[in-house]
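Student: So here's my_file_25.txt, just compact mmCIF, C-alpha atoms and all ligand atoms:
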# COMPACT_ATOMS: atom_id res chain seq x y z
CA MET A 1 0.00 0.00 0.00
CA PHE A 2 1.25 3.47 -0.98
CA ILE A 3 4.89 2.60 -1.68
CA GLU A 4 5.03 2.00 -5.44
CA PRO A 5 7.01 4.86 -7.01
CA ARG A 6 5.50 6.41 -10.16
CA VAL A 7 7.55 5.77 -13.28
CA GLY A 8 8.19 8.49 -15.91
CA ASN A 9 8.58 8.09 -19.71
CA ASP A 10 12.31 7.32 -19.36
CA ASN A 11 11.38 4.50 -16.92
CA HIS A 12 12.99 6.30 -13.96
CA ALA A 13 11.05 6.69 -10.74
CA ILE A 14 9.50 10.14 -10.24
CA ARG A 15 10.28 11.32 -6.69
CA ARG A 16 6.96 12.58 -5.35
CA GLY A 17 6.36 13.17 -1.65
CA TRP A 18 3.21 12.93 0.44
CA ILE A 19 2.03 12.69 4.05
CA GLU A 20 0.31 9.72 5.72
CA VAL A 21 -1.08 9.95 9.26
CA ILE A 22 -1.93 6.92 11.41
CA CYS A 23 -4.03 8.02 14.39
CA GLY A 24 -6.19 6.54 17.13
CA SER A 25 -6.27 5.84 20.86
CA MET A 26 -3.63 4.05 22.88
CA PHE A 27 -3.33 0.30 22.08
CA SER A 28 -5.05 0.79 18.69
CA GLY A 29 -2.06 -0.49 16.69
CA LYS A 30 -0.59 2.83 15.48
CA THR A 31 3.00 1.75 16.11
CA GLU A 32 2.43 -1.71 14.61
CA GLU A 33 1.00 -0.14 11.46
CA LEU A 34 3.86 2.38 11.30
CA ILE A 35 6.45 -0.41 11.63
CA ARG A 36 4.63 -2.49 8.99
CA ARG A 37 4.69 0.35 6.44
CA LEU A 38 8.33 1.22 7.19
CA ASN A 39 9.47 -2.40 6.92
CA ARG A 40 7.80 -2.65 3.50
CA ALA A 41 9.63 0.48 2.38
CA LYS A 42 12.90 -1.08 3.58
CA ILE A 43 12.13 -4.26 1.61
CA ALA A 44 11.68 -1.99 -1.43
CA LYS A 45 15.26 -0.78 -0.72
CA GLN A 46 14.12 2.73 0.07
CA LYS A 47 16.14 4.93 2.40
CA VAL A 48 14.15 5.12 5.62
CA GLU A 49 14.70 7.27 8.73
CA ILE A 50 12.49 7.07 11.84
CA PHE A 51 12.14 9.79 14.45
CA LYS A 52 10.52 9.90 17.86
CA PRO A 53 10.41 12.69 20.44
CA THR A 54 13.16 12.43 23.07
CA ILE A 55 10.46 12.53 25.76
CA ASP A 56 9.23 8.99 24.89
CA LYS A 57 11.65 6.57 26.53
CA ARG A 58 9.13 4.08 27.89
CA TYR A 59 10.52 0.93 26.35
CA HIS A 60 13.83 1.89 24.80
CA GLU A 61 16.07 4.93 24.32
CA GLU A 62 16.22 4.54 20.53
CA ASP A 63 13.86 1.84 19.28
CA VAL A 64 10.24 2.49 18.44
CA VAL A 65 8.48 -0.42 20.19
CA SER A 66 4.82 -1.46 19.95
CA HIS A 67 2.75 -2.82 22.87
CA ASN A 68 3.25 -6.33 21.48
CA ALA A 69 7.03 -5.85 21.26
CA ASN A 70 7.57 -5.18 17.53
CA ALA A 71 10.53 -2.82 17.25
CA ILE A 72 12.40 -0.68 14.72
CA ARG A 73 15.50 1.48 15.23
CA SER A 74 14.77 5.23 15.50
CA THR A 75 16.48 8.54 16.21
CA PRO A 76 15.18 10.49 19.23
CA ILE A 77 15.00 14.24 18.53
CA ASP A 78 13.94 17.30 20.54
CA PHE A 79 12.39 19.51 17.84
CA ALA A 80 10.37 18.79 14.69
CA GLN A 81 12.81 21.05 12.81
CA ASP A 82 15.62 18.49 13.41
CA MET A 83 13.93 16.21 10.86
CA LEU A 84 14.73 18.58 7.99
CA LEU A 85 18.46 18.12 8.44
CA LEU A 86 18.37 14.41 9.28
CA GLY A 87 15.54 13.25 7.01
CA GLY A 88 15.80 15.47 3.94
CA SER A 89 17.82 12.97 1.90
CA CYS A 90 15.55 9.98 2.69
CA ASP A 91 12.85 8.35 0.59
CA VAL A 92 10.69 7.77 3.65
CA VAL A 93 10.54 9.50 7.04
CA GLY A 94 8.63 7.75 9.85
CA ILE A 95 7.51 9.57 12.98
CA ASP A 96 6.14 7.90 16.13
CA GLU A 97 4.37 9.62 19.07
CA ALA A 98 3.80 12.62 16.79
CA GLN A 99 1.45 14.20 19.38
CA PHE A 100 4.44 15.08 21.58
CA PHE A 101 6.17 17.20 18.93
CA ASP A 102 5.97 20.99 18.84
CA ASP A 103 3.56 23.02 16.70
CA GLY A 104 6.15 23.21 13.91
CA LEU A 105 5.52 19.54 13.01
CA ALA A 106 2.95 20.07 10.24
CA GLU A 107 5.13 22.68 8.48
CA VAL A 108 8.19 20.41 8.71
CA CYS A 109 6.23 17.47 7.24
CA VAL A 110 4.95 19.69 4.41
CA LYS A 111 8.53 20.78 3.61
CA LEU A 112 9.72 17.17 3.57
CA ALA A 113 6.79 16.03 1.38
CA ASN A 114 7.26 18.99 -1.00
CA SER A 115 10.88 17.97 -1.45
CA GLY A 116 9.84 14.43 -2.43
CA VAL A 117 9.88 12.56 0.88
CA ARG A 118 7.09 10.15 1.87
CA VAL A 119 6.22 11.06 5.47
CA ILE A 120 4.39 8.56 7.72
CA ALA A 121 3.41 9.91 11.15
CA ALA A 122 1.71 7.95 13.94
CA GLY A 123 0.20 9.64 16.97
CA LEU A 124 -2.66 9.99 19.43
CA ASP A 125 -5.46 12.08 17.94
CA MET A 126 -6.96 12.75 21.43
CA ASP A 127 -5.57 13.15 24.92
CA TYR A 128 -6.98 11.63 28.14
CA LEU A 129 -9.75 14.26 28.18
CA GLY A 130 -10.85 13.42 24.66
CA LYS A 131 -9.40 16.72 23.35
CA PRO A 132 -7.27 17.02 20.15
CA PHE A 133 -3.63 16.35 21.03
CA GLY A 134 -0.82 18.83 20.18
CA PRO A 135 0.11 19.16 16.50
CA MET A 136 -2.09 16.22 15.36
CA PRO A 137 -5.09 18.20 14.01
CA ALA A 138 -2.83 20.48 11.91
CA LEU A 139 -0.90 17.46 10.64
CA MET A 140 -4.08 15.60 9.69
CA ALA A 141 -5.27 18.67 7.79
CA VAL A 142 -2.22 18.71 5.48
CA ALA A 143 -1.99 14.91 5.04
CA GLU A 144 -3.00 13.12 1.83
CA TYR A 145 -3.94 9.95 3.75
CA VAL A 146 -5.34 9.66 7.28
CA THR A 147 -5.89 6.19 8.74
CA LYS A 148 -7.75 5.91 12.04
CA VAL A 149 -7.07 2.61 13.78
CA HIS A 150 -9.12 1.28 16.71
CA ALA A 151 -8.38 -0.56 19.93
CA ILE A 152 -10.82 -2.79 21.84
CA CYS A 153 -12.67 -1.30 24.80
CA VAL A 154 -11.44 -3.17 27.87
CA GLN A 155 -14.78 -2.52 29.62
CA CYS A 156 -17.27 -3.81 27.04
CA GLY A 157 -15.38 -5.23 24.04
CA ASP A 158 -16.66 -2.60 21.58
CA ILE A 159 -14.40 -0.55 19.29
CA ALA A 160 -12.32 1.91 21.37
CA THR A 161 -11.41 5.43 20.26
CA TYR A 162 -10.54 6.96 23.66
CA SER A 163 -7.59 6.60 26.05
CA PHE A 164 -9.06 6.64 29.57
CA ARG A 165 -6.61 7.65 32.31
CA ASN A 166 -6.74 5.67 35.58
CA SER A 167 -4.78 8.22 37.55
CA PRO A 168 -5.54 11.56 39.20
CA SER A 169 -2.85 13.43 37.20
CA GLU A 170 -4.23 16.39 35.23
CA GLN A 171 -1.11 17.08 33.20
CA GLN A 172 -1.60 16.51 29.49
CA VAL A 173 1.68 14.59 29.27
CA LEU A 174 1.86 11.51 31.49
CA LEU A 175 3.84 8.64 29.98
CA GLY A 176 2.46 5.20 30.76
CA GLU A 177 0.77 2.04 29.65
CA THR A 178 -1.85 -0.30 31.14
CA GLU A 179 -1.03 0.82 34.71
CA SER A 180 -2.33 4.32 33.83
CA TYR A 181 -4.50 4.00 30.72
CA GLU A 182 -7.36 1.91 29.31
CA ALA A 183 -8.66 1.82 25.75
CA ARG A 184 -12.38 2.66 25.95
CA CYS A 185 -15.33 3.15 23.61
CA ARG A 186 -17.28 6.44 23.65
CA HIS A 187 -19.89 5.13 26.09
CA CYS A 188 -17.44 3.63 28.63
CA PHE A 189 -15.19 6.69 28.37
CA GLN A 190 -18.12 8.98 29.24
CA GLU A 191 -19.13 6.72 32.14
CA GLY A 192 -15.56 6.80 33.48
CA MET A 193 -15.36 10.58 33.20
CA LYS A 194 -18.69 10.92 35.10
CA GLN A 195 -17.37 8.74 37.93
CA LYS A 196 -14.22 10.84 38.16
CA ARG A 197 -16.23 14.06 38.73
N1 LIG A 201 -7.38 -2.83 24.47
C1 LIG A 201 -6.61 -3.25 23.47
N2 LIG A 201 -7.09 -3.24 22.21
C2 LIG A 201 -6.33 -3.68 21.18
N3 LIG A 201 -5.05 -4.11 21.31
C3 LIG A 201 -4.51 -4.12 22.53
C4 LIG A 201 -5.27 -3.70 23.67
N4 LIG A 201 -4.46 -3.81 24.77
C5 LIG A 201 -3.25 -4.27 24.32
N5 LIG A 201 -3.28 -4.46 22.98
C6 LIG A 201 -2.11 -4.89 22.19
O1 LIG A 201 -1.53 -3.72 21.66
C7 LIG A 201 -1.12 -3.97 20.32
C8 LIG A 201 -1.01 -2.64 19.58
O2 LIG A 201 0.12 -1.97 20.09
P1 LIG A 201 0.69 -0.65 19.45
O3 LIG A 201 0.89 -0.81 17.97
O4 LIG A 201 1.90 -0.28 20.26
O5 LIG A 201 -0.49 0.38 19.70
P2 LIG A 201 -0.45 1.97 19.81
O6 LIG A 201 0.85 2.45 19.17
O7 LIG A 201 -1.66 2.44 19.07
O8 LIG A 201 -0.52 2.27 21.28
C9 LIG A 201 -2.17 -4.92 19.81
O9 LIG A 201 -1.72 -5.69 18.72
C10 LIG A 201 -2.42 -5.80 21.02
O10 LIG A 201 -1.49 -6.85 21.07
C1 LIG A 202 -3.89 9.72 26.39
C2 LIG A 202 -2.54 10.26 26.79
C3 LIG A 202 -1.41 9.49 26.64
N1 LIG A 202 -0.20 9.97 27.01
C4 LIG A 202 1.01 9.13 26.83
C5 LIG A 202 0.91 7.72 27.32
C6 LIG A 202 1.90 6.99 26.45
O1 LIG A 202 3.19 7.15 27.03
C7 LIG A 202 1.82 7.76 25.11
C8 LIG A 202 0.95 7.09 24.09
O2 LIG A 202 1.56 5.93 23.63
P1 LIG A 202 0.84 4.92 22.58
O3 LIG A 202 2.01 4.46 21.72
O4 LIG A 202 -0.19 5.67 21.81
O5 LIG A 202 0.27 3.81 23.38
O6 LIG A 202 1.25 9.02 25.44
C9 LIG A 202 -0.08 11.25 27.50
O7 LIG A 202 1.03 11.71 27.82
N2 LIG A 202 -1.20 12.01 27.67
C10 LIG A 202 -2.43 11.57 27.32
O8 LIG A 202 -3.43 12.33 27.48
ZN ZN A 203 -16.92 0.20 26.10
Could I get this file's structure written as structure tokens?
Ligand SMILES: Nc1ncnc2c1ncn2[C@@H]1O[C@H](COP(=O)(O)OP(=O)(O)O)[C@@H](O)[C@H]1O
Ligand SMILES: Cc1cn([C@H]2C[C@H](O)[C@@H](COP(=O)(O)O)O2)c(=O)[nH]c1=O
Ligand SMILES: [Zn+2]
Tutor:
Amino acid sequence: MFIEPRVGNDNHAIRRGWIEVICGSMFSGKTEELIRRLNRAKIAKQKVEIFKPTIDKRYHEEDVVSHNANAIRSTPIDFAQDMLLLGGSCDVVGIDEAQFFDDGLAEVCVKLANSGVRVIAAGLDMDYLGKPFGPMPALMAVAEYVTKVHAICVQCGDIATYSFRNSPSEQQVLLGETESYEARCRHCFQEGMKQKR
């Protein structure tokens, strides 16, 4: 999906960039899907670079790791701008935990795509309050392809689109996994929020 380069009259690949966003709640398979697409690009012998925000060191300093332990080597960076220098010569740039990047992320991805890079960014579309998270809405607006993946609600087994926080913290950024968060459907998320009040 998506990776076949277009071929011009002289049979050479035309280098055209675009932006793909993979979004959803926690545990919805964003990282798995990102790794799957990046591995396919690697099989196609494309030059791939993967970035994640330095803040996310839950499993590993450098690897991007999914909840079911799939992993791919990445470069932790502090600012979205750093991708221009490090990713400009790549065929494909992958970004995990995109929600933690600064507001410059969408502009950086547009610059990369305009220069011929395929950009694939995975991130939470909503925070623990169900509000849009960081640079994700702006990024989704400029993307050619947006894929929303779904987890399973741990309360009722329905499709989950929310990340419910089982902790009193009210900071937007709180790194964690199942000890602090549950994937929940709209109904069970609302019920949980009512009980918190
Ligand atoms: N509630 C859940 N719904 C779906 N998958 C879950 C759930 N809890 C744990 N998982 C596991 O998480 C994996 C997805 O992990 P990952 O790709 O890291 O998700 P994300 O990056 O969206 O948080 C699934 O394949 C499954 O093994
Ligand atoms: C909802 C929410 C999540 N976080 C943190 C928790 C995790 O460390 C990451 C999300 O990781 P995943 O790969 O999507 O499972 O984000 C947060 O800081 N604030 C939130 O509101
Ligand atoms: Zn539910």
Student: Could you state the separation of atom CA of Ala122 of chain A and atom CA of Cys188 of chain A in Å, given to one decimal place?
Tutor: 24.5 Å
Student: Using all atoms listed in the file, which of the listed residues (A:Glu107, A:Asp82, A:Asp127, A:Asp10) sits closest to Gln172 of chain A?
Tutor: A:Asp127
Student: With only C-alpha atoms and all ligand atoms as the basis for distance, which of A:Tyr128, A:Tyr145, A:Trp18, A:Phe164 is at the shortest distance from ligand LIG 202 (chain A)?
Tutor: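 Smallest distance to ligand LIG 202 (chain A) is found for A:Tyr128.
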Student: Please report, as lines of an AutoDock Vina configuration file, the centre and edge lengths in Å to one decimal of an axis-aligned box covering all listed atoms of segment 151-168 of chain A with 8 Å per side.
Tutor:
center_x = -11.0
center_y = 3.2
center_z = 29.2
size_x = 28.5
size_y = 32.8
size_z = 35.9
Student: Contacts between ligand LIG 202 (chain A) and chain A, please, where a residue of chain A counts if it comes within 10 Å (with only C-alpha atoms and all ligand atoms); show its shortest atom pair and distance in Å to one decimal, rows by chain and ascending number, as a Markdown table.
Tutor:
| residue | atom | partner | partner_atom | distance |
| --- | --- | --- | --- | --- |
| A:Cys23 | CA | A:LIG202 | O4 | 8.7 |
| A:Gly24 | CA | A:LIG202 | O4 | 7.7 |
| A:Ser25 | CA | A:LIG202 | O4 | 6.2 |
| A:Met26 | CA | A:LIG202 | O5 | 3.9 |
| A:Phe27 | CA | A:LIG202 | O5 | 5.2 |
| A:Ser28 | CA | A:LIG202 | O4 | 7.6 |
| A:Gly29 | CA | A:LIG202 | O3 | 8.1 |
| A:Lys30 | CA | A:LIG202 | O4 | 6.9 |
| A:Thr31 | CA | A:LIG202 | O3 | 6.3 |
| A:Glu32 | CA | A:LIG202 | O3 | 9.4 |
| A:Ile55 | CA | A:LIG202 | O1 | 9.1 |
| A:Asp56 | CA | A:LIG202 | O1 | 6.7 |
| A:Lys57 | CA | A:LIG202 | O1 | 8.5 |
| A:Arg58 | CA | A:LIG202 | O1 | 6.7 |
| A:Tyr59 | CA | A:LIG202 | O1 | 9.6 |
| A:Val64 | CA | A:LIG202 | O3 | 9.1 |
| A:Val65 | CA | A:LIG202 | O3 | 8.2 |
| A:Ser66 | CA | A:LIG202 | O3 | 6.8 |
| A:His67 | CA | A:LIG202 | O5 | 7.1 |
| A:Asp96 | CA | A:LIG202 | O3 | 7.8 |
| A:Glu97 | CA | A:LIG202 | O3 | 6.3 |
| A:Ala98 | CA | A:LIG202 | O4 | 9.5 |
| A:Gln99 | CA | A:LIG202 | O6 | 8.0 |
| A:Phe100 | CA | A:LIG202 | O6 | 7.9 |
| A:Ala122 | CA | A:LIG202 | O4 | 8.4 |
| A:Gly123 | CA | A:LIG202 | O4 | 6.3 |
| A:Leu124 | CA | A:LIG202 | O4 | 5.5 |
| A:Asp125 | CA | A:LIG202 | C1 | 8.9 |
| A:Met126 | CA | A:LIG202 | C1 | 6.6 |
| A:Asp127 | CA | A:LIG202 | O8 | 3.4 |
| A:Tyr128 | CA | A:LIG202 | O8 | 3.7 |
| A:Leu129 | CA | A:LIG202 | O8 | 6.6 |
| A:Gly130 | CA | A:LIG202 | O8 | 8.0 |
| A:Lys131 | CA | A:LIG202 | O8 | 8.5 |
| A:Pro132 | CA | A:LIG202 | O8 | 9.5 |
| A:Phe133 | CA | A:LIG202 | O8 | 7.6 |
| A:Tyr162 | CA | A:LIG202 | C1 | 7.7 |
| A:Ser163 | CA | A:LIG202 | C1 | 4.9 |
| A:Phe164 | CA | A:LIG202 | C1 | 6.8 |
| A:Arg165 | CA | A:LIG202 | C1 | 6.8 |
| A:Ser169 | CA | A:LIG202 | N2 | 9.8 |
| A:Glu170 | CA | A:LIG202 | O8 | 8.8 |
| A:Gln171 | CA | A:LIG202 | N2 | 7.5 |
| A:Gln172 | CA | A:LIG202 | N2 | 4.9 |
| A:Val173 | CA | A:LIG202 | O7 | 3.3 |
| A:Leu174 | CA | A:LIG202 | O7 | 3.8 |
| A:Leu175 | CA | A:LIG202 | O1 | 3.4 |
| A:Gly176 | CA | A:LIG202 | O1 | 4.3 |
| A:Glu177 | CA | A:LIG202 | C6 | 6.0 |
| A:Thr178 | CA | A:LIG202 | O5 | 9.0 |
| A:Ser180 | CA | A:LIG202 | C5 | 8.0 |
| A:Tyr181 | CA | A:LIG202 | C1 | 7.2 |
| A:Glu182 | CA | A:LIG202 | C1 | 9.0 |
| A:Ala183 | CA | A:LIG202 | C1 | 9.3 |
Student: Go through A:Asp103, A:Glu61, A:Ala143, A:Val93 and flag the residue nearest Ala80 of chain A, using all atoms listed in the file for the distances.
Tutor: A:Asp103
Student: Tell me which of A:Ala69, A:Ala113, A:Ile152, A:Leu34 sits closest to ligand ZN 203 (chain A), counting all atoms listed in the file.
Tutor: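 Checking each candidate against ligand ZN 203 (chain A), we get A:Ile152 as the closest.
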Student: Would you mind completing segment 19-30 of chain A to all heavy atoms and writing the output as a PDB file, in the frame of the given file?
Tutor:
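Contents of the output file selection.pdb:
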ATOM      1  N   ILE A  19       2.115  12.881   2.590  1.00  0.00           N
ATOM      2  CA  ILE A  19       2.030  12.690   4.050  1.00  0.00           C
ATOM      3  C   ILE A  19       0.932  11.675   4.382  1.00  0.00           C
ATOM      4  O   ILE A  19      -0.203  11.808   3.910  1.00  0.00           O
ATOM      5  CB  ILE A  19       1.745  14.020   4.776  1.00  0.00           C
ATOM      6  CG1 ILE A  19       2.824  15.060   4.439  1.00  0.00           C
ATOM      7  CG2 ILE A  19       1.643  13.809   6.297  1.00  0.00           C
ATOM      8  CD1 ILE A  19       2.502  16.471   4.938  1.00  0.00           C
ATOM      9  N   GLU A  20       1.281  10.681   5.187  1.00  0.00           N
ATOM     10  CA  GLU A  20       0.310   9.720   5.720  1.00  0.00           C
ATOM     11  C   GLU A  20       0.259   9.892   7.236  1.00  0.00           C
ATOM     12  O   GLU A  20       1.307  10.008   7.862  1.00  0.00           O
ATOM     13  CB  GLU A  20       0.758   8.278   5.425  1.00  0.00           C
ATOM     14  CG  GLU A  20       0.860   7.956   3.955  1.00  0.00           C
ATOM     15  CD  GLU A  20       1.684   6.691   3.708  1.00  0.00           C
ATOM     16  OE1 GLU A  20       1.631   5.741   4.515  1.00  0.00           O
ATOM     17  OE2 GLU A  20       2.401   6.677   2.692  1.00  0.00           O
ATOM     18  N   VAL A  21      -0.940   9.899   7.804  1.00  0.00           N
ATOM     19  CA  VAL A  21      -1.080   9.950   9.260  1.00  0.00           C
ATOM     20  C   VAL A  21      -1.809   8.691   9.722  1.00  0.00           C
ATOM     21  O   VAL A  21      -2.815   8.290   9.120  1.00  0.00           O
ATOM     22  CB  VAL A  21      -1.860  11.210   9.716  1.00  0.00           C
ATOM     23  CG1 VAL A  21      -2.137  11.159  11.221  1.00  0.00           C
ATOM     24  CG2 VAL A  21      -1.084  12.482   9.380  1.00  0.00           C
ATOM     25  N   ILE A  22      -1.267   8.062  10.765  1.00  0.00           N
ATOM     26  CA  ILE A  22      -1.930   6.920  11.410  1.00  0.00           C
ATOM     27  C   ILE A  22      -2.318   7.393  12.806  1.00  0.00           C
ATOM     28  O   ILE A  22      -1.436   7.740  13.601  1.00  0.00           O
ATOM     29  CB  ILE A  22      -0.984   5.706  11.517  1.00  0.00           C
ATOM     30  CG1 ILE A  22      -0.422   5.318  10.138  1.00  0.00           C
ATOM     31  CG2 ILE A  22      -1.695   4.522  12.172  1.00  0.00           C
ATOM     32  CD1 ILE A  22       0.836   4.450  10.206  1.00  0.00           C
ATOM     33  N   CYS A  23      -3.614   7.472  13.082  1.00  0.00           N
ATOM     34  CA  CYS A  23      -4.030   8.020  14.390  1.00  0.00           C
ATOM     35  C   CYS A  23      -5.006   7.084  15.072  1.00  0.00           C
ATOM     36  O   CYS A  23      -5.527   6.145  14.467  1.00  0.00           O
ATOM     37  CB  CYS A  23      -4.636   9.415  14.218  1.00  0.00           C
ATOM     38  SG  CYS A  23      -6.199   9.382  13.320  1.00  0.00           S
ATOM     39  N   GLY A  24      -5.271   7.369  16.344  1.00  0.00           N
ATOM     40  CA  GLY A  24      -6.190   6.540  17.130  1.00  0.00           C
ATOM     41  C   GLY A  24      -5.832   6.641  18.600  1.00  0.00           C
ATOM     42  O   GLY A  24      -4.957   7.416  18.986  1.00  0.00           O
ATOM     43  N   SER A  25      -6.512   5.831  19.411  1.00  0.00           N
ATOM     44  CA  SER A  25      -6.270   5.840  20.860  1.00  0.00           C
ATOM     45  C   SER A  25      -5.018   5.028  21.183  1.00  0.00           C
ATOM     46  O   SER A  25      -4.408   4.435  20.284  1.00  0.00           O
ATOM     47  CB  SER A  25      -7.466   5.212  21.584  1.00  0.00           C
ATOM     48  OG  SER A  25      -7.482   3.821  21.305  1.00  0.00           O
ATOM     49  N   MET A  26      -4.684   4.965  22.445  1.00  0.00           N
ATOM     50  CA  MET A  26      -3.630   4.050  22.880  1.00  0.00           C
ATOM     51  C   MET A  26      -4.075   2.607  22.600  1.00  0.00           C
ATOM     52  O   MET A  26      -5.268   2.308  22.615  1.00  0.00           O
ATOM     53  CB  MET A  26      -3.340   4.227  24.370  1.00  0.00           C
ATOM     54  CG  MET A  26      -2.623   5.535  24.681  1.00  0.00           C
ATOM     55  SD  MET A  26      -2.250   5.709  26.425  1.00  0.00           S
ATOM     56  CE  MET A  26      -1.000   4.452  26.663  1.00  0.00           C
ATOM     57  N   PHE A  27      -3.126   1.732  22.328  1.00  0.00           N
ATOM     58  CA  PHE A  27      -3.330   0.300  22.080  1.00  0.00           C
ATOM     59  C   PHE A  27      -4.097   0.009  20.775  1.00  0.00           C
ATOM     60  O   PHE A  27      -4.566  -1.112  20.571  1.00  0.00           O
ATOM     61  CB  PHE A  27      -4.082  -0.387  23.249  1.00  0.00           C
ATOM     62  CG  PHE A  27      -3.536  -0.049  24.601  1.00  0.00           C
ATOM     63  CD1 PHE A  27      -4.202   0.830  25.438  1.00  0.00           C
ATOM     64  CD2 PHE A  27      -2.338  -0.595  25.041  1.00  0.00           C
ATOM     65  CE1 PHE A  27      -3.704   1.154  26.695  1.00  0.00           C
ATOM     66  CE2 PHE A  27      -1.833  -0.275  26.291  1.00  0.00           C
ATOM     67  CZ  PHE A  27      -2.512   0.604  27.136  1.00  0.00           C
ATOM     68  N   SER A  28      -4.248   1.011  19.914  1.00  0.00           N
ATOM     69  CA  SER A  28      -5.050   0.790  18.690  1.00  0.00           C
ATOM     70  C   SER A  28      -4.227   0.209  17.556  1.00  0.00           C
ATOM     71  O   SER A  28      -4.778  -0.095  16.488  1.00  0.00           O
ATOM     72  CB  SER A  28      -5.686   2.114  18.258  1.00  0.00           C
ATOM     73  OG  SER A  28      -4.683   3.084  17.985  1.00  0.00           O
ATOM     74  N   GLY A  29      -2.902   0.091  17.739  1.00  0.00           N
ATOM     75  CA  GLY A  29      -2.060  -0.490  16.690  1.00  0.00           C
ATOM     76  C   GLY A  29      -1.376   0.540  15.806  1.00  0.00           C
ATOM     77  O   GLY A  29      -0.926   0.213  14.704  1.00  0.00           O
ATOM     78  N   LYS A  30      -1.253   1.769  16.273  1.00  0.00           N
ATOM     79  CA  LYS A  30      -0.590   2.830  15.480  1.00  0.00           C
ATOM     80  C   LYS A  30       0.863   2.460  15.196  1.00  0.00           C
ATOM     81  O   LYS A  30       1.347   2.567  14.077  1.00  0.00           O
ATOM     82  CB  LYS A  30      -0.639   4.186  16.217  1.00  0.00           C
ATOM     83  CG  LYS A  30      -2.031   4.676  16.555  1.00  0.00           C
ATOM     84  CD  LYS A  30      -1.997   6.014  17.238  1.00  0.00           C
ATOM     85  CE  LYS A  30      -1.283   6.039  18.572  1.00  0.00           C
ATOM     86  NZ  LYS A  30      -1.893   5.147  19.591  1.00  0.00           N
TER      87      LYS A  30
END
